[in-house]
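Student: One structure coming up, written as structure tokens, with questions to follow.
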There are 2 protein chains.
Amino acid sequence: MDFKKIDHYLEEKLSQSITELSELCRIPSIAAQNTGQTEAAALVASMLTRRGFQVEIMPSAGAPVVYGERKGKADKTLLFYNHYDVQPAEPFELWDSPPFEPDLRDGKLYARGVSDDKGHITSRLHALDAILAAEGELPCTIKFIVEGEEEIGSVNLPPFIKEHAGKLAGDACIWEFGYVDHRGVPIQYAGLRGICYVELSVECLSQDVHSGVGGTIFPSAAWRLVWALSTLKGPDERIRIPNYYENVIPPTERDKELFSKLPEIAEEYHRRYGVKAFLRDATGGAELRTQEVMEPSCTICGLTAGYQGPGSKTVLPAKASAKVDFRLVPNQTPEETLTKLRAHLDAQGFEDVHITYLGGEAPGRTDPDDAFLQLVVQTAEEIYESPMELHPMTGGSGPNHAFIHYLNVPVATAGLGYPDTRAHAPNENIRLDQYLQHARHITRILEAFSKQP
Amino acid sequence: MDFKKIDHYLEEKLSQSITELSELCRIPSIAAQNTGQTEAAALVASMLTRRGFQVEIMPSAGAPVVYGERKGKADKTLLFYNHYDVQPAEPFELWDSPPFEPDLRDGKLYARGVSDDKGHITSRLHALDAILAAEGELPCTIKFIVEGEEEIGSVNLPPFIKEHAGKLAGDACIWEFGYVDHRGVPIQYAGLRGICYVELSVECLSQDVHSGVGGTIFPSAAWRLVWALSTLKGPDERIRIPNYYENVIPPTERDKELFSKLPEIAEEYHRRYGVKAFLRDATGGAELRTQEVMEPSCTICGLTAGYQGPGSKTVLPAKASAKVDFRLVPNQTPEETLTKLRAHLDAQGFEDVHITYLGGEAPGRTDPDDAFLQLVVQTAEEIYESPMELHPMTGGSGPNHAFIHYLNVPVATAGLGYPDTRAHAPNENIRLDQYLQHARHITRILEAFSKQP
């Protein structure tokens, strides 16, 4: 491919692409608030149609999925997974410009969803435009799968992928996000942990009671909750649910080697989060990296009971609850966690602790030595100043397992994020230089992928 | 004394007394909000002056204490402990009439503080007016001690009492409150438990962290709190702080006898609070009554950490805290609880759990067979349809220990409360018939007390 011509196009037509992105960002397509999804899906569909894609707005059990396909030269198919929904914009007062009125200043475009994930959609389309302008055709078949519920846990995506596995079939997938870190180093994540998020709740009384009355005779929801939680994990940080670790695949020698190549993170964590000492005496290096992402976690995300204001209120609360986030590693599943958790609580005498399942995803990994993943890493070298860093796994979660398991494709990350991109926060923004870099990277990936045997 | 004349006066002049009470209730003397205290103290002082009391508005380390003394026939002194401060009136929207505009309807007077404790002040003054009208003098010396911080824990009262023990000296004390229960039975409480109220807080990080990042490597404030709490009390309901029970005086045979005379409460608790089963297999009777008030308790009044809204938020909270209420029985003290709690947390490795002392009071008991207490019980029989029920102790707390320990007087309860009086709640009210009964009871107590050898 003529990359001189392509790169020239990308720069020359950048503002046109940013205009298209701004149009998309004006739609408040907030999944959590059930607004703008139809409109955003229609706009994404029209963007694809305009570029010669065969487009379908396909129903799912939730928001529709925009599917677009355009054939290319080579008999290979690359999938792009993206989403058109965004996080809520609250708190509005912390935005320097209105979240749904995209604002370009200091080389950055500000808007809710501009980074997560609308900028990824349009920069990828921008890359395709440049290729089509220079070459007249795409180097391989491209399929876009653009869902509308990523920000609420992609609850309906895995069954959708499973159901349409034939139509969605491909050879590899580029994930919805990717980023360069604070040093400008692009990052490759070979896998995402799974998640099982639950609320544990206890209700012992029909109303709150004066604490002078019930303390020694009435059951206490807050105590029941504390005792139940304390059976889940102890100060040794080991999850105490029986057989909890039985399906955990330990890190391979290759994983350990890759972790040992990553730069030291300890100092950054001390500085950024005020961590005095890491758990289980970890101090840094590959040990800390491995412990961070290759192990299951059990985190209390929230606790609530009774009086929480200033000073004292003498009350025995009728109910208490906790939000608990289990992160899963291959080959754990959310279903398995739920089953084991219930059995454990019952066995410990906590039948009164109610479990509400608030969402989950299975973990998913691509072999870090997979040829496609390596291709994405190698092509990054042509674009970015630093080589791409390959992480065997990251701590977060997403629906990559559905692509890995139902479509049997490797999944690689590439994207325009950067440390101050403020996804999910006020003043979400992208840097136009990163937007361009990502589009360039996509063109290189496409060429290499098409030629890969 | 001429009780025919006295009772006639009480009925005939009732509306005059209610007018005086309404005037006092118009002052929003809210200790927690630091409003109206000076004005309320001045009005109480003028009420006492008008009745020939020697009055002083005495400074304390907090709000002033109104002290009034008037000599009487017998060489004996009865103390009235009351308070002119009230609870905040919020939430205003739940009041059927404005909380500081007293409203008389259906034989009840509605206003914030009308029951707790302003109605007790004026009904007692009404009783004295009736005696003075009929007899021309008081049967004994009367001292009023009316403080302004009862609703915020009487924090400055014990040192005030200790400092002025000479001036405040007396032979017996009538407590600020008393009530008839749902059956119309007047209740006598011979003692109040103490309290030590603390906030336990932990902070492990300088900011909340995405739960995908820190779960397996960063210390968690919520987990630290849960583990620390779980060392304080276990499902056997025994407080696990070493030597916690060493100063506890167990119930006497006489206490047990008194508890066994009380009516069954189990059914009422099942019904009112939806309690399915009492702690430690108690089912009712004297056992339940004894367990309720004669033992130390450790109650979680509040828990707070991280995300508490609907659905899920994947966050590792930087901090967590709990409100914990220890009720104390003789001879425990709040100071002892604090010291033992700190030592225990340290010994268990929870040096990072910070203790904030939010207030406390020592427990206080009067011998249930004390002659004055018995006199209050016996005189009640002349007034109320049912005999007064004598409880060796109640579960709540108050500053009675300061009177018992520094003034060495027996303390008895008598008052106008009734189950729907809504003290501390919207639509606080008194029943005028109970107001009259209490005034009558006070006149009988005064006569009997004056004649008691």
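Residues in the structure tokens are numbered from 1 in each chain, the chains being A, B, ... in the order shown, and ligands are numbered from 1 in the order shown.
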For Asp255 of chain A, list every protein, DNA or RNA residue within 9 Å, evaluated using only C-alpha atoms, and leave out those in the same chain fewer than 2 positions away; present the list as a PyMOL selection string.

Tutor: chain A and resi 251-253+257-260+290+368+391-393

Student: Once you count only C-alpha atoms, which residues of chain A turn out to be within 7 Å of chain B? Could you give them as a PyMOL selection string?

Tutor: chain A and resi 204-207+211-219+222-223+226-227+230+273-275+278-279+291-292+297-308+311-312+314-317+325+358+395-396

Student: Rounded to one decimal, what separation in Å do you get between atom CA of Arg440 of chain A and atom CA of Ala165 of chain A?

Tutor: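 Result for atom CA of Arg440 of chain A versus atom CA of Ala165 of chain A: 29.5 Å, one decimal.
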
Student: Write out as an MDAnalysis selection string the residues lying within 7 Å of His120 of chain B, counting only C-alpha atoms and excluding same-chain residues fewer than 5 positions away.

Tutor: chainID B and resid 115 176 415:416

Student: With C-alpha atoms retained, could you export that selection as a PDB file, in the first residue's frame?

Tutor:
ATOM      1  CA  SER B 115     -42.930  15.696  75.401  1.00  0.00           C
ATOM      2  CA  GLU B 176     -36.623  14.172  83.247  1.00  0.00           C
ATOM      3  CA  GLY B 415     -43.528  11.399  83.467  1.00  0.00           C
ATOM      4  CA  LEU B 416     -46.144  12.033  80.832  1.00  0.00           C
TER       5      LEU B 416
END

Student: May I ask which of the residues B:Ile383, B:Val185, B:Ile249, B:Val377 is the closest one to Gly364 of chain B, counting only C-alpha atoms?

Tutor: B:Ile249

Student: Residues near Ile187 of chain A, anyone? I mean within 8 Å using only C-alpha atoms, not counting same-chain ones fewer than 4 positions away, as a list in words.

Tutor: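 In the requested format, the answer is Gly178, Tyr179, Val180, Asp181, Met388, Glu389, Leu390, His391, Thr413 and Ala414 of chain A.
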